[in-house]
>>> print(open('input_9.tsv').read())   # TSV, C-alpha atoms and all ligand atoms
chain	number	residue	atom	x	y	z
A	26	MET	CA	-10.97	-59.51	-58.87
A	27	ALA	CA	-8.73	-59.39	-55.85
A	28	ILE	CA	-8.39	-60.15	-52.19
A	29	ARG	CA	-7.37	-56.93	-50.45
A	30	PRO	CA	-5.64	-56.63	-47.09
A	31	ILE	CA	-8.05	-55.72	-44.30
A	32	LEU	CA	-6.70	-52.45	-42.95
A	33	GLN	CA	-6.07	-52.01	-39.29
A	34	TYR	CA	-6.27	-48.90	-37.18
A	35	PRO	CA	-4.40	-46.44	-37.16
A	36	HIS	CA	-4.89	-46.50	-40.93
A	37	GLN	CA	-6.77	-43.27	-41.50
A	38	ALA	CA	-9.14	-44.87	-44.01
A	39	LEU	CA	-10.95	-46.23	-40.96
A	40	LYS	CA	-11.61	-42.73	-39.62
A	41	SER	CA	-12.48	-40.96	-42.86
A	42	THR	CA	-15.76	-39.91	-44.38
A	43	ASN	CA	-17.03	-42.09	-47.18
A	44	ALA	CA	-18.86	-40.99	-50.29
A	45	ALA	CA	-22.26	-42.19	-51.45
A	46	VAL	CA	-22.00	-44.19	-54.66
A	47	VAL	CA	-23.86	-44.59	-57.95
A	48	PRO	CA	-24.58	-48.26	-58.65
A	49	SER	CA	-23.95	-47.98	-62.39
A	50	ASP	CA	-20.38	-46.78	-61.79
A	51	PRO	CA	-18.04	-49.58	-62.93
A	52	ALA	CA	-15.55	-48.58	-60.23
A	53	VAL	CA	-18.22	-49.32	-57.62
A	54	GLN	CA	-18.82	-52.76	-59.07
A	55	ALA	CA	-15.07	-53.39	-58.82
A	56	VAL	CA	-15.07	-52.37	-55.16
A	57	VAL	CA	-18.00	-54.70	-54.49
A	58	GLN	CA	-16.16	-57.58	-56.14
A	59	ASP	CA	-12.99	-56.89	-54.14
A	60	MET	CA	-15.03	-56.80	-50.94
A	61	LEU	CA	-16.68	-60.12	-51.77
A	62	ASP	CA	-13.32	-61.71	-52.56
A	63	THR	CA	-11.78	-60.29	-49.39
A	64	LEU	CA	-14.73	-61.40	-47.26
A	65	ALA	CA	-14.53	-64.90	-48.69
A	66	ALA	CA	-10.87	-65.11	-47.72
A	67	SER	CA	-11.38	-63.58	-44.26
A	68	PRO	CA	-12.45	-65.16	-40.98
A	69	GLY	CA	-15.28	-62.62	-40.68
A	70	VAL	CA	-18.90	-62.30	-41.72
A	71	ALA	CA	-18.99	-58.69	-42.92
A	72	LEU	CA	-16.89	-55.87	-44.32
A	73	ALA	CA	-17.19	-52.19	-45.02
A	74	ALA	CA	-15.41	-50.54	-47.97
A	75	PRO	CA	-13.10	-48.36	-45.83
A	76	GLN	CA	-11.66	-51.55	-44.35
A	77	ILE	CA	-10.08	-52.25	-47.73
A	78	GLY	CA	-9.14	-48.61	-48.24
A	79	GLN	CA	-12.09	-47.55	-50.39
A	80	ALA	CA	-13.75	-44.35	-49.17
A	81	VAL	CA	-17.21	-45.27	-50.41
A	82	GLN	CA	-20.46	-46.32	-48.79
A	83	VAL	CA	-20.56	-50.04	-49.49
A	84	ILE	CA	-21.01	-52.92	-47.05
A	85	VAL	CA	-21.18	-56.66	-47.49
A	86	VAL	CA	-22.75	-58.87	-44.83
A	87	ASP	CA	-23.06	-62.64	-44.89
A	88	VAL	CA	-23.76	-64.04	-41.44
A	89	SER	CA	-24.31	-67.51	-42.91
A	90	ARG	CA	-20.50	-67.71	-42.95
A	91	LYS	CA	-20.80	-68.33	-39.22
A	92	LYS	CA	-21.92	-71.76	-38.07
A	93	GLY	CA	-25.51	-71.75	-36.88
A	94	GLU	CA	-26.40	-68.37	-38.42
A	95	ARG	CA	-28.54	-67.83	-41.50
A	96	GLY	CA	-29.95	-64.34	-41.60
A	97	HIS	CA	-30.45	-63.10	-45.16
A	98	GLY	CA	-27.35	-64.82	-46.51
A	99	LEU	CA	-25.15	-62.55	-48.56
A	100	VAL	CA	-26.32	-58.94	-48.60
A	101	VAL	CA	-24.49	-56.21	-50.51
A	102	LEU	CA	-25.73	-52.71	-49.76
A	103	LEU	CA	-24.70	-49.42	-51.29
A	104	ASN	CA	-25.35	-46.21	-49.35
A	105	PRO	CA	-26.94	-48.08	-46.44
A	106	VAL	CA	-28.77	-46.20	-43.70
A	107	ILE	CA	-30.28	-47.54	-40.53
A	108	LEU	CA	-33.95	-46.60	-40.47
A	109	SER	CA	-34.74	-47.92	-37.01
A	110	LEU	CA	-33.28	-49.84	-34.12
A	111	GLU	CA	-35.08	-51.70	-31.39
A	112	GLY	CA	-34.23	-53.53	-28.21
A	113	LYS	CA	-31.10	-52.23	-26.51
A	114	LYS	CA	-28.52	-54.74	-25.51
A	115	SER	CA	-24.93	-54.79	-24.36
A	116	VAL	CA	-22.57	-56.78	-26.57
A	117	ARG	CA	-18.93	-57.71	-26.24
A	118	GLU	CA	-17.70	-56.72	-29.64
A	119	GLY	CA	-14.48	-56.84	-31.59
A	120	CYS	CA	-13.37	-55.80	-35.07
A	121	LEU	CA	-11.01	-57.25	-37.67
A	122	SER	CA	-9.53	-53.76	-38.00
A	123	VAL	CA	-8.78	-53.49	-34.25
A	124	PRO	CA	-6.89	-56.65	-33.33
A	125	ASP	CA	-6.74	-58.36	-29.95
A	126	TYR	CA	-9.31	-56.32	-28.10
A	127	THR	CA	-13.01	-56.44	-27.38
A	128	GLY	CA	-15.26	-54.05	-25.52
A	129	ASN	CA	-18.81	-53.85	-24.22
A	130	VAL	CA	-20.88	-51.70	-26.54
A	131	LEU	CA	-24.51	-50.76	-26.65
A	132	ARG	CA	-26.27	-52.24	-29.67
A	133	TYR	CA	-29.81	-53.15	-30.67
A	134	GLU	CA	-31.48	-56.50	-31.15
A	135	GLU	CA	-33.35	-55.46	-34.30
A	136	ALA	CA	-32.21	-53.21	-37.12
A	137	LEU	CA	-34.07	-52.01	-40.18
A	138	VAL	CA	-31.57	-51.07	-42.87
A	139	GLU	CA	-32.22	-49.46	-46.21
A	140	GLY	CA	-29.85	-49.27	-49.14
A	141	LEU	CA	-29.33	-50.00	-52.80
A	142	THR	CA	-28.49	-53.35	-54.30
A	143	PRO	CA	-25.52	-53.39	-56.71
A	144	GLU	CA	-28.18	-53.28	-59.47
A	145	GLY	CA	-29.55	-50.05	-58.07
A	146	ARG	CA	-32.76	-51.37	-56.54
A	147	VAL	CA	-33.88	-49.91	-53.19
A	148	VAL	CA	-34.17	-52.62	-50.55
A	149	THR	CA	-34.86	-52.71	-46.84
A	150	VAL	CA	-33.43	-55.48	-44.73
A	151	SER	CA	-35.02	-56.32	-41.41
A	152	ALA	CA	-32.25	-57.97	-39.43
A	153	SER	CA	-32.27	-59.37	-35.92
A	154	GLY	CA	-29.78	-60.84	-33.48
A	155	PHE	CA	-26.28	-61.47	-34.78
A	156	GLU	CA	-27.13	-60.15	-38.24
A	157	ALA	CA	-28.53	-56.92	-36.80
A	158	LEU	CA	-25.25	-56.44	-34.91
A	159	ALA	CA	-23.28	-56.97	-38.11
A	160	PHE	CA	-25.24	-54.25	-39.94
A	161	GLN	CA	-24.84	-51.79	-37.06
A	162	HIS	CA	-21.10	-52.45	-36.95
A	163	GLU	CA	-20.60	-52.06	-40.72
A	164	VAL	CA	-22.70	-48.91	-41.04
A	165	ASP	CA	-20.58	-47.48	-38.22
A	166	HIS	CA	-17.49	-48.14	-40.35
A	167	LEU	CA	-18.99	-46.02	-43.13
A	168	ASN	CA	-19.32	-43.20	-40.63
A	169	GLY	CA	-15.72	-43.57	-39.44
A	170	LEU	CA	-16.79	-45.11	-36.14
A	171	LEU	CA	-15.10	-48.07	-34.48
A	172	PHE	CA	-16.49	-50.06	-31.57
A	173	LEU	CA	-13.87	-48.24	-29.50
A	174	ASP	CA	-15.99	-45.11	-29.96
A	175	ARG	CA	-18.93	-46.87	-28.37
A	176	ILE	CA	-17.46	-48.67	-25.38
A	177	GLU	CA	-19.86	-48.03	-22.59
A	178	SER	CA	-18.53	-49.93	-19.64
A	179	LEU	CA	-15.08	-51.01	-18.66
A	180	SER	CA	-15.93	-54.26	-17.04
A	181	THR	CA	-18.93	-56.08	-15.82
A	182	ASP	CA	-22.07	-54.05	-16.40
A	183	LEU	CA	-23.45	-55.12	-13.08
A	184	PHE	CA	-21.08	-52.86	-11.26
A	185	ARG	CA	-21.77	-49.73	-13.19
A	186	ARG	CA	-22.82	-47.09	-10.73
A	187	LYS	CA	-26.47	-46.19	-10.76
A	188	LYS	CA	-26.94	-42.78	-12.27
B	18	MET	CA	15.83	-54.99	-24.68
B	19	ASP	CA	12.86	-53.42	-22.92
B	20	HIS	CA	12.24	-54.10	-19.27
B	21	PHE	CA	8.94	-53.83	-17.52
B	22	ALA	CA	7.64	-53.41	-14.01
B	23	ILE	CA	4.29	-53.71	-12.34
B	24	ILE	CA	3.29	-51.00	-9.92
B	25	THR	CA	0.43	-51.27	-7.52
B	26	ALA	CA	-0.59	-48.12	-5.76
B	27	PHE	CA	-3.54	-47.05	-3.71
B	28	GLY	CA	-4.70	-44.24	-1.50
B	29	PRO	CA	-7.71	-42.19	-0.46
B	30	ASP	CA	-9.74	-41.32	-3.52
B	31	ARG	CA	-9.62	-37.73	-4.69
B	32	PRO	CA	-9.36	-35.95	-8.02
B	33	GLY	CA	-5.86	-35.84	-9.48
B	34	ILE	CA	-4.43	-39.21	-8.43
B	35	VAL	CA	-4.14	-40.55	-11.97
B	36	ALA	CA	-2.75	-37.27	-13.25
B	37	LEU	CA	-0.08	-37.20	-10.54
B	38	MET	CA	0.86	-40.82	-11.03
B	39	ALA	CA	1.07	-40.51	-14.81
B	40	ASP	CA	3.03	-37.29	-14.59
B	41	SER	CA	5.48	-38.72	-12.05
B	42	LEU	CA	6.09	-41.79	-14.18
B	43	HIS	CA	6.54	-39.62	-17.24
B	44	GLN	CA	9.13	-37.49	-15.44
B	45	LEU	CA	11.02	-40.63	-14.47
B	46	GLY	CA	11.00	-41.77	-18.09
B	47	CYS	CA	8.63	-44.68	-17.57
B	48	ASN	CA	6.14	-45.47	-20.29
B	49	ILE	CA	2.68	-46.52	-19.08
B	50	GLU	CA	1.45	-49.60	-20.91
B	51	ASP	CA	-1.46	-51.75	-19.73
B	52	THR	CA	-3.27	-50.62	-16.62
B	53	CYS	CA	-6.28	-51.37	-14.52
B	54	MET	CA	-7.58	-48.88	-11.98
B	55	THR	CA	-10.70	-48.72	-9.94
B	56	ARG	CA	-12.21	-47.37	-6.78
B	57	LEU	CA	-12.83	-49.71	-3.88
B	58	ARG	CA	-15.25	-47.63	-1.80
B	59	GLY	CA	-13.17	-44.66	-0.62
B	60	GLU	CA	-9.85	-45.97	-1.83
B	61	PHE	CA	-8.53	-45.54	-5.36
B	62	THR	CA	-6.45	-48.50	-6.46
B	63	MET	CA	-4.14	-48.76	-9.43
B	64	MET	CA	-2.25	-51.52	-11.16
B	65	LEU	CA	0.09	-50.30	-13.84
B	66	MET	CA	2.45	-52.06	-16.14
B	67	VAL	CA	5.24	-49.69	-17.15
B	68	ARG	CA	8.19	-49.88	-19.51
B	69	LEU	CA	11.30	-48.85	-17.63
B	70	PRO	CA	13.84	-46.40	-19.01
B	71	GLU	CA	17.55	-47.24	-19.18
B	72	GLY	CA	19.07	-46.84	-15.75
B	73	ILE	CA	16.02	-47.53	-13.58
B	74	VAL	CA	15.38	-50.99	-12.22
B	75	ALA	CA	12.04	-52.02	-10.84
B	76	GLU	CA	13.48	-52.33	-7.34
B	77	ASP	CA	14.33	-48.60	-7.36
B	78	LEU	CA	11.14	-47.38	-8.91
B	79	GLY	CA	9.09	-47.31	-5.72
B	80	ARG	CA	11.73	-45.26	-3.93
B	81	ARG	CA	11.96	-42.83	-6.82
B	82	LEU	CA	8.20	-42.44	-7.09
B	83	THR	CA	7.63	-41.79	-3.41
B	84	PRO	CA	8.75	-38.13	-3.38
B	85	PHE	CA	6.19	-37.40	-6.09
B	86	THR	CA	3.32	-39.27	-4.53
B	87	THR	CA	3.76	-38.51	-0.83
B	88	PRO	CA	1.35	-35.55	-0.95
B	89	LEU	CA	-1.44	-37.95	-1.92
B	90	ASP	CA	-0.64	-40.56	0.71
B	91	LEU	CA	-0.30	-43.38	-1.79
B	92	ALA	CA	1.04	-46.78	-0.84
B	93	ILE	CA	3.26	-48.05	-3.65
B	94	LEU	CA	4.75	-51.41	-4.50
B	95	CYS	CA	6.86	-52.17	-7.59
B	96	ARG	CA	8.18	-55.38	-8.97
B	97	ALA	CA	10.03	-56.38	-12.12
B	98	MET	CA	7.90	-58.18	-14.65
B	99	PRO	CA	9.39	-61.22	-16.38
B	100	ASP	CA	10.02	-60.42	-20.04
B	101	GLN	CA	7.87	-63.30	-21.16
B	102	ALA	CA	4.92	-62.15	-19.09
B	103	ALA	CA	5.35	-58.63	-20.43
B	104	SER	CA	5.36	-59.55	-24.10
B	105	ARG	CA	2.20	-58.82	-26.04
B	106	GLN	CA	0.63	-61.92	-27.51
B	107	THR	CA	-2.42	-62.44	-29.61
B	108	PRO	CA	-5.05	-63.77	-27.24
B	109	LEU	CA	-5.79	-67.40	-27.94
B	110	GLU	CA	-9.31	-68.39	-28.81
B	111	ILE	CA	-10.04	-70.00	-25.47
B	112	PRO	CA	-13.64	-70.63	-24.42
B	113	THR	CA	-14.50	-67.89	-21.95
B	114	PHE	CA	-17.37	-67.95	-19.49
B	115	MET	CA	-19.01	-65.54	-17.10
B	116	LEU	CA	-19.92	-66.70	-13.64
B	117	SER	CA	-22.26	-64.63	-11.47
B	118	VAL	CA	-22.66	-65.64	-7.85
B	119	TYR	CA	-24.82	-63.78	-5.36
B	120	GLY	CA	-26.43	-64.38	-2.01
B	121	ALA	CA	-26.59	-63.35	1.63
B	122	ASP	CA	-23.09	-62.35	2.64
B	123	HIS	CA	-21.10	-64.78	4.74
B	124	PRO	CA	-17.45	-65.78	4.95
B	125	GLY	CA	-16.10	-68.30	2.47
B	126	ILE	CA	-18.09	-67.64	-0.70
B	127	VAL	CA	-15.13	-66.50	-2.79
B	128	ALA	CA	-12.86	-69.25	-1.46
B	129	GLN	CA	-15.29	-72.07	-2.16
B	130	VAL	CA	-16.26	-70.85	-5.60
B	131	ALA	CA	-12.66	-70.17	-6.61
B	132	ARG	CA	-11.58	-73.58	-5.36
B	133	THR	CA	-14.29	-75.26	-7.40
B	134	VAL	CA	-13.23	-73.34	-10.50
B	135	ALA	CA	-9.59	-74.28	-9.93
B	136	GLN	CA	-10.44	-77.94	-9.39
B	137	HIS	CA	-11.92	-77.99	-12.88
B	138	GLN	CA	-8.86	-76.35	-14.41
B	139	GLY	CA	-10.74	-73.09	-14.84
B	140	ASN	CA	-8.59	-69.98	-14.96
B	141	ILE	CA	-10.10	-66.84	-13.42
B	142	THR	CA	-9.00	-64.01	-15.70
B	143	ASP	CA	-11.07	-61.13	-14.37
B	144	MET	CA	-13.12	-60.68	-11.26
B	145	ASN	CA	-15.19	-58.14	-9.37
B	146	THR	CA	-17.04	-58.44	-6.10
B	147	ARG	CA	-19.26	-56.08	-4.17
B	148	VAL	CA	-21.15	-56.10	-0.92
B	149	ILE	CA	-24.49	-54.49	-1.58
B	150	GLY	CA	-27.85	-54.24	0.16
B	151	SER	CA	-28.72	-52.80	3.53
B	152	GLY	CA	-26.37	-52.82	6.50
B	153	ASP	CA	-28.20	-55.51	8.43
B	154	ARG	CA	-28.86	-57.72	5.39
B	155	PRO	CA	-25.77	-57.48	3.22
B	156	ILE	CA	-25.75	-59.25	-0.11
B	157	TYR	CA	-22.59	-60.52	-1.70
B	158	VAL	CA	-22.25	-60.24	-5.47
B	159	MET	CA	-19.36	-61.71	-7.40
B	160	VAL	CA	-18.79	-61.79	-11.14
B	161	MET	CA	-15.85	-63.54	-12.69
B	162	GLU	CA	-14.58	-64.35	-16.13
B	163	VAL	CA	-13.37	-67.94	-16.38
B	164	GLN	CA	-11.38	-69.53	-19.17
B	165	LEU	CA	-11.37	-73.24	-19.81
B	166	GLN	CA	-8.96	-74.96	-22.15
B	167	GLU	CA	-11.72	-77.19	-23.47
B	168	ALA	CA	-15.36	-76.26	-23.85
B	169	GLN	CA	-16.27	-79.82	-22.79
B	170	GLN	CA	-15.03	-79.05	-19.27
B	171	ALA	CA	-17.84	-76.54	-18.91
B	172	ASP	CA	-20.57	-79.06	-18.13
B	173	GLN	CA	-18.64	-80.62	-15.28
B	174	LEU	CA	-17.79	-77.25	-13.83
B	175	ARG	CA	-21.40	-76.16	-14.16
B	176	GLN	CA	-22.56	-79.24	-12.26
B	177	ALA	CA	-20.02	-78.68	-9.51
B	178	LEU	CA	-21.12	-75.07	-9.21
B	179	GLU	CA	-24.77	-76.12	-9.04
B	180	GLN	CA	-23.89	-78.30	-6.06
B	181	LEU	CA	-22.43	-75.27	-4.32
B	182	LYS	CA	-25.74	-73.42	-4.42
B	183	PRO	CA	-27.42	-75.14	-1.46
B	184	LEU	CA	-24.10	-75.49	0.36
B	185	LEU	CA	-23.34	-71.78	0.26
B	186	GLY	CA	-26.90	-70.52	0.04
B	187	VAL	CA	-26.17	-68.59	-3.12
B	188	ASP	CA	-27.67	-68.21	-6.56
B	189	LEU	CA	-25.44	-68.43	-9.56
B	190	THR	CA	-25.31	-68.63	-13.32
B	191	PHE	CA	-22.45	-69.90	-15.45
B	192	ARG	CA	-22.69	-68.97	-19.10
B	193	LEU	CA	-20.60	-68.74	-22.22
B	194	LEU	CA	-19.35	-65.23	-22.85
B	195	GLU	CA	-20.31	-64.42	-26.36
B	196	SER	CA	-18.17	-61.94	-28.11
B	197	VAL	CA	-18.74	-61.06	-31.73
B	198	THR	CA	-16.10	-59.85	-34.15
B	199	PHE	CA	-16.97	-58.03	-37.36
C	201	ZN	ZN	-15.08	-53.75	-37.94
>>> encode(input="input_9.tsv", output="structure tokens")
Amino acid sequence: MAIRPILQYPHQALKSTNAAVVPSDPAVQAVVQDMLDTLAASPGVALAAPQIGQAVQVIVVDVSRKKGERGHGLVVLLNPVILSLEGKKSVREGCLSVPDYTGNVLRYEEALVEGLTPEGRVVTVSASGFEALAFQHEVDHLNGLLFLDRIESLSTDLFRRKK
Amino acid sequence: MDHFAIITAFGPDRPGIVALMADSLHQLGCNIEDTCMTRLRGEFTMMLMVRLPEGIVAEDLGRRLTPFTTPLDLAILCRAMPDQAASRQTPLEIPTFMLSVYGADHPGIVAQVARTVAQHQGNITDMNTRVIGSGDRPIYVMVMEVQLQEAQQADQLRQALEQLKPLLGVDLTFRLLESVTF
């Protein structure tokens, strides 16, 4: 269909609420196709619908676009929710919608994500490592959260004061 | 054309230093851009890059700030920032590494490690050190971010750093800083 520009903050689409979708809706299928086209043309491995200005709960993740990563290949999820997270870790993270900056955020090594396929089938994806991070980041986008909302330490974690 | 200055300021830590500094700069018409501030034990230290208003040059800024900051006993130094250094540029994708060094505290650890990094064309872009541990057995901890133009230089630097371990009596790890962008 079309490659869309990836919106950058302060575009308010990135801080809005996003509606759950019905898979049979042709408009949803169009959004999915635009996201796939945009992802294919982008340097990234994942996108959330608000990043192309669509206020709906759709994410696409394909970590195999990164050298050395396989994961589940291309995953399109409608109305995704994270069922469980395991194994805290600190990650230096950046976002295509927030250029030129990275921050240390708290993420989890393993993520269990449930959602609908574009055909309307319920699936759960058990992701780990890099792929788990991608899902956590994209589901955040659907909730209007950027990694900036999660920065937990300014510099080297080592020097965080003991609480 | 915008002009920029760097201000360094420090003084005894207490609540309100940042507020006073920011308010003073605002009253002088300076716009605070990138900054880095932290506490070194009992002293609060600030480095601020500011955009200067028409009619104030960096050389005057310190003098004009002093009346505002005197109550907090801040030492202040200002210097003009070259326009090129002040311009915002997209960070290049340069291989970035983290180096942790720690061991019993003794003079010369920073100097030797930094010299080794420099000899391998490593650029230290961020750095923190702390003396920790008990008073009679202090431990020195240093963490730095190092950029190398070429990832291939990393192995040689790692080897050179390994050789420092017995020399300095420290432990260290040198690792690629992984950052992920989604
Ligand atoms: Zn993002």
>>> residues_around(input="input_9.tsv", residues="His166 of chain A", least_positions_apart="2", cutoff="10 Å", atoms="all atoms listed in the file", output="ChimeraX atom specification")
/A:38-43,72-76,82-84,160-164,168-172
>>> atom_distance(input="input_9.tsv", atom1="atom CA of Glu177 of chain A", atom2="atom CA of Val88 of chain A")
25.0 Å
>>> closest_residue(input="input_9.tsv", among="B:Thr198, B:Val134, B:Ala128, B:Ser41", to="ligand ZN 201 (chain C)", atoms="all atoms listed in the file")
B:Thr198
>>> residues_near_ligand(input="input_9.tsv", ligand="ligand ZN 201 (chain C)", cutoff="6 Å", atoms="all atoms listed in the file", output="number ranges by chain")
A: 120-122; B: 199
>>> residues_around(input="input_9.tsv", residues="Arg192 of chain B", least_positions_apart="4", cutoff="8 Å", atoms="all atoms listed in the file", output="PyMOL selection string")
chain B and resi 114-116
>>> closest_residue(input="input_9.tsv", among="A:Thr142, A:Ser67, A:Gln33, A:Ser109", to="Ala157 of chain A", atoms="all atoms listed in the file")
A:Ser109
